[in-house]
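Asker: The file below is data_24.pdb, PDB, C-alpha atoms:
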```pdb
MODEL        1
ATOM      1  CA  SER A 285     -14.130 -10.591  60.392  1.00  0.00           C
ATOM      2  CA  ALA A 286     -17.827 -11.348  60.511  1.00  0.00           C
ATOM      3  CA  GLY A 287     -19.227  -7.874  59.880  1.00  0.00           C
ATOM      4  CA  GLU A 288     -21.909  -6.900  62.333  1.00  0.00           C
ATOM      5  CA  GLN A 289     -21.690 -10.358  63.953  1.00  0.00           C
ATOM      6  CA  SER A 290     -18.004  -9.956  64.868  1.00  0.00           C
ATOM      7  CA  VAL A 291     -18.628  -9.160  68.537  1.00  0.00           C
ATOM      8  CA  ASN A 292     -20.946 -12.146  68.982  1.00  0.00           C
ATOM      9  CA  ARG A 293     -18.423 -14.399  67.252  1.00  0.00           C
ATOM     10  CA  CYS A 294     -15.595 -13.102  69.485  1.00  0.00           C
ATOM     11  CA  ILE A 295     -17.640 -13.775  72.617  1.00  0.00           C
ATOM     12  CA  ASP A 296     -18.366 -17.314  71.378  1.00  0.00           C
ATOM     13  CA  VAL A 297     -14.656 -17.904  70.758  1.00  0.00           C
ATOM     14  CA  ALA A 298     -13.816 -16.477  74.208  1.00  0.00           C
ATOM     15  CA  GLN A 299     -16.367 -18.810  75.822  1.00  0.00           C
ATOM     16  CA  ASN A 300     -14.778 -21.780  74.041  1.00  0.00           C
ATOM     17  CA  LEU A 301     -11.286 -20.684  75.096  1.00  0.00           C
ATOM     18  CA  PHE A 302     -12.401 -20.380  78.731  1.00  0.00           C
ATOM     19  CA  ALA A 303     -13.937 -23.857  78.533  1.00  0.00           C
ATOM     20  CA  LEU A 304     -10.794 -25.370  76.988  1.00  0.00           C
ATOM     21  CA  GLY A 305      -8.601 -23.502  79.486  1.00  0.00           C
ATOM     22  CA  SER A 306     -10.427 -25.103  82.385  1.00  0.00           C
ATOM     23  CA  LEU A 307      -9.417 -28.522  81.015  1.00  0.00           C
ATOM     24  CA  GLN A 308      -5.751 -27.618  80.635  1.00  0.00           C
ATOM     25  CA  GLU A 309      -4.236 -24.467  82.110  1.00  0.00           C
ATOM     26  CA  PRO A 310      -6.860 -21.906  83.164  1.00  0.00           C
ATOM     27  CA  LEU A 311      -6.947 -18.513  81.469  1.00  0.00           C
ATOM     28  CA  ASP A 312      -6.947 -15.328  83.544  1.00  0.00           C
ATOM     29  CA  ALA A 313      -8.647 -13.170  80.935  1.00  0.00           C
ATOM     30  CA  ILE A 314      -9.325 -12.760  77.227  1.00  0.00           C
ATOM     31  CA  ILE A 315      -9.009  -9.453  75.382  1.00  0.00           C
ATOM     32  CA  ILE A 316     -11.307  -8.711  72.446  1.00  0.00           C
ATOM     33  CA  ALA A 317     -10.291  -5.721  70.315  1.00  0.00           C
ATOM     34  CA  ALA A 318     -11.872  -4.279  67.184  1.00  0.00           C
ATOM     35  CA  VAL A 319     -11.121  -1.472  64.755  1.00  0.00           C
ATOM     36  CA  ASP A 320     -13.399   0.075  62.132  1.00  0.00           C
ATOM     37  CA  LEU A 321     -11.338   1.569  59.326  1.00  0.00           C
ATOM     38  CA  SER A 322     -14.153   3.330  57.484  1.00  0.00           C
ATOM     39  CA  GLY A 323     -11.732   6.071  56.450  1.00  0.00           C
ATOM     40  CA  SER A 324      -9.440   3.712  54.538  1.00  0.00           C
ATOM     41  CA  ILE A 325      -8.904   4.476  50.863  1.00  0.00           C
ATOM     42  CA  GLU A 326     -10.796   1.315  49.856  1.00  0.00           C
ATOM     43  CA  ASN A 327     -13.870   2.240  51.892  1.00  0.00           C
ATOM     44  CA  MET A 328     -13.743   5.866  50.756  1.00  0.00           C
ATOM     45  CA  LEU A 329     -13.669   4.865  47.074  1.00  0.00           C
ATOM     46  CA  PHE A 330     -16.373   2.225  47.531  1.00  0.00           C
ATOM     47  CA  ASN A 331     -18.756   4.469  49.484  1.00  0.00           C
ATOM     48  CA  THR A 332     -18.178   7.456  47.189  1.00  0.00           C
ATOM     49  CA  ALA A 333     -19.118   5.265  44.225  1.00  0.00           C
ATOM     50  CA  LYS A 334     -22.275   4.101  46.069  1.00  0.00           C
ATOM     51  CA  LEU A 335     -23.229   7.711  46.859  1.00  0.00           C
ATOM     52  CA  ASN A 336     -22.644   8.820  43.268  1.00  0.00           C
ATOM     53  CA  ALA A 337     -24.863   5.990  42.018  1.00  0.00           C
ATOM     54  CA  LYS A 338     -27.659   7.294  44.273  1.00  0.00           C
ATOM     55  CA  GLY A 339     -27.181  10.869  43.067  1.00  0.00           C
ATOM     56  CA  LEU A 340     -25.665  12.044  46.365  1.00  0.00           C
ATOM     57  CA  ARG A 341     -22.463  14.025  46.814  1.00  0.00           C
ATOM     58  CA  SER A 342     -19.498  12.671  48.749  1.00  0.00           C
ATOM     59  CA  THR A 343     -19.920  15.600  51.158  1.00  0.00           C
ATOM     60  CA  ASP A 344     -23.245  14.053  52.261  1.00  0.00           C
ATOM     61  CA  TRP A 345     -21.312  11.268  54.005  1.00  0.00           C
ATOM     62  CA  LEU A 346     -19.375  11.832  57.220  1.00  0.00           C
ATOM     63  CA  VAL A 347     -16.387   9.561  57.788  1.00  0.00           C
ATOM     64  CA  GLY A 348     -15.617   8.264  61.245  1.00  0.00           C
ATOM     65  CA  GLU A 349     -13.306   5.588  62.513  1.00  0.00           C
ATOM     66  CA  GLY A 350     -13.459   3.806  65.811  1.00  0.00           C
ATOM     67  CA  ALA A 351     -11.834   1.227  68.002  1.00  0.00           C
ATOM     68  CA  GLY A 352     -12.768  -0.625  71.148  1.00  0.00           C
ATOM     69  CA  ALA A 353     -11.583  -3.346  73.472  1.00  0.00           C
ATOM     70  CA  LEU A 354     -13.178  -5.631  76.047  1.00  0.00           C
ATOM     71  CA  VAL A 355     -11.418  -7.630  78.742  1.00  0.00           C
ATOM     72  CA  LEU A 356     -13.384 -10.757  79.588  1.00  0.00           C
ATOM     73  CA  GLN A 357     -12.743 -12.584  82.833  1.00  0.00           C
ATOM     74  CA  GLN A 358     -14.537 -15.529  84.378  1.00  0.00           C
ATOM     75  CA  THR A 359     -16.376 -14.778  87.603  1.00  0.00           C
ATOM     76  CA  ASN A 360     -14.562 -17.605  89.372  1.00  0.00           C
ATOM     77  CA  ALA A 361     -11.112 -16.373  88.289  1.00  0.00           C
ATOM     78  CA  ALA A 362      -8.461 -16.040  90.962  1.00  0.00           C
ATOM     79  CA  HIS A 363      -7.804 -12.367  90.236  1.00  0.00           C
ATOM     80  CA  THR A 364     -11.168 -10.738  90.921  1.00  0.00           C
ATOM     81  CA  GLN A 365      -9.788  -7.549  92.473  1.00  0.00           C
ATOM     82  CA  LEU A 366     -10.483  -5.561  89.301  1.00  0.00           C
ATOM     83  CA  ASP A 367     -13.736  -3.659  89.052  1.00  0.00           C
ATOM     84  CA  SER A 368     -16.383  -5.245  86.883  1.00  0.00           C
ATOM     85  CA  TYR A 369     -18.570  -2.972  84.805  1.00  0.00           C
ATOM     86  CA  ALA A 370     -20.867  -5.589  83.272  1.00  0.00           C
ATOM     87  CA  SER A 371     -21.559  -9.303  83.128  1.00  0.00           C
ATOM     88  CA  ILE A 372     -22.586 -11.647  80.325  1.00  0.00           C
ATOM     89  CA  ASP A 373     -24.990 -14.452  81.179  1.00  0.00           C
TER
ENDMDL
END
```
Could you write out this file's structure as structure tokens?
Answerer:
Amino acid sequence: SAGEQSVNRCIDVAQNLFALGSLQEPLDAIIIAAVDLSGSIENMLFNTAKLNAKGLRSTDWLVGEGAGALVLQQTNAAHTQLDSYASID
């Protein structure tokens, strides 16, 4: 968990894993997944306290949670039949 730098850190780790995999047994793909639990009880209590300190009501804050996943694959991987939606240089 690196806050707003989590995605960059995950991509760095994936790059290192691909590099190490080429020395030993190659990796087909790496999955990066993330979840934002902004609706957890801890976050709700913390953010409500911050809003109250600023004189705002808790109804002035909309809660949303999200999740996402990326599948990273090297361009020279053996299984390139899958569609690619983006590339990272």
Asker: Would you kindly translate the PyMOL selection byres ((chain A and resi 349) around 10) into the concrete residues it picks from this file, as an NGL selection string?
Answerer: :A and (319-324 or 347-348 or 350-351)
Asker: Those same residues - C-alpha atoms - I'd like them written as a compact mmCIF listing (two decimals), in the frame of the given file.
Answerer:
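And here is the file that came out, selection-v9.txt:
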```txt
# COMPACT_ATOMS: atom_id res chain seq x y z
CA VAL A 319 -11.12 -1.47 64.76
CA ASP A 320 -13.40 0.08 62.13
CA LEU A 321 -11.34 1.57 59.33
CA SER A 322 -14.15 3.33 57.48
CA GLY A 323 -11.73 6.07 56.45
CA SER A 324 -9.44 3.71 54.54
CA VAL A 347 -16.39 9.56 57.79
CA GLY A 348 -15.62 8.26 61.24
CA GLY A 350 -13.46 3.81 65.81
CA ALA A 351 -11.83 1.23 68.00
```
Asker: Please compute the CA of Pro310 (chain A)-CA of Ser290 (chain A) distance, one decimal, in Å.
Answerer: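 That distance, rounded to one decimal, is 24.5 Å.
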Asker: Go through the shown structure with the PyMOL selection byres ((chain A and resi 373) around 12) and write out the matching residues as a PyMOL selection string.
Answerer: chain A and resi 295+299+358-359+370-372
Asker: Please produce an output containing C-alpha atoms for each residue in the selection, written as a PDB file, in the frame of the given file.
Answerer:
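The result, stored in out_33.pdb:
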```
ATOM      1  CA  ILE A 295     -17.640 -13.775  72.617  1.00  0.00           C
ATOM      2  CA  GLN A 299     -16.367 -18.810  75.822  1.00  0.00           C
ATOM      3  CA  GLN A 358     -14.537 -15.529  84.378  1.00  0.00           C
ATOM      4  CA  THR A 359     -16.376 -14.778  87.603  1.00  0.00           C
ATOM      5  CA  ALA A 370     -20.867  -5.589  83.272  1.00  0.00           C
ATOM      6  CA  SER A 371     -21.559  -9.303  83.128  1.00  0.00           C
ATOM      7  CA  ILE A 372     -22.586 -11.647  80.325  1.00  0.00           C
TER       8      ILE A 372
END
```
Asker: Find the distance between CA of Lys338 (chain A) and CA of Ile325 (chain A) and write it in Å to one decimal.
Answerer: 20.1 Å
Asker: What is the distance between CA of Lys334 (chain A) and CA of Asn292 (chain A), in Å to one decimal?
Answerer: 28.1 Å
Asker: Once the PyMOL selection byres ((chain A and resi 353) around 8) is applied to the coordinates I shared, what remains selected? I want it as a list in words.
Answerer: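 Expected selection for the PyMOL selection byres ((chain A and resi 353) around 8) here is Ile315, Ile316, Ala317, Ala318, Ala351, Gly352, Leu354 and Val355 of chain A.
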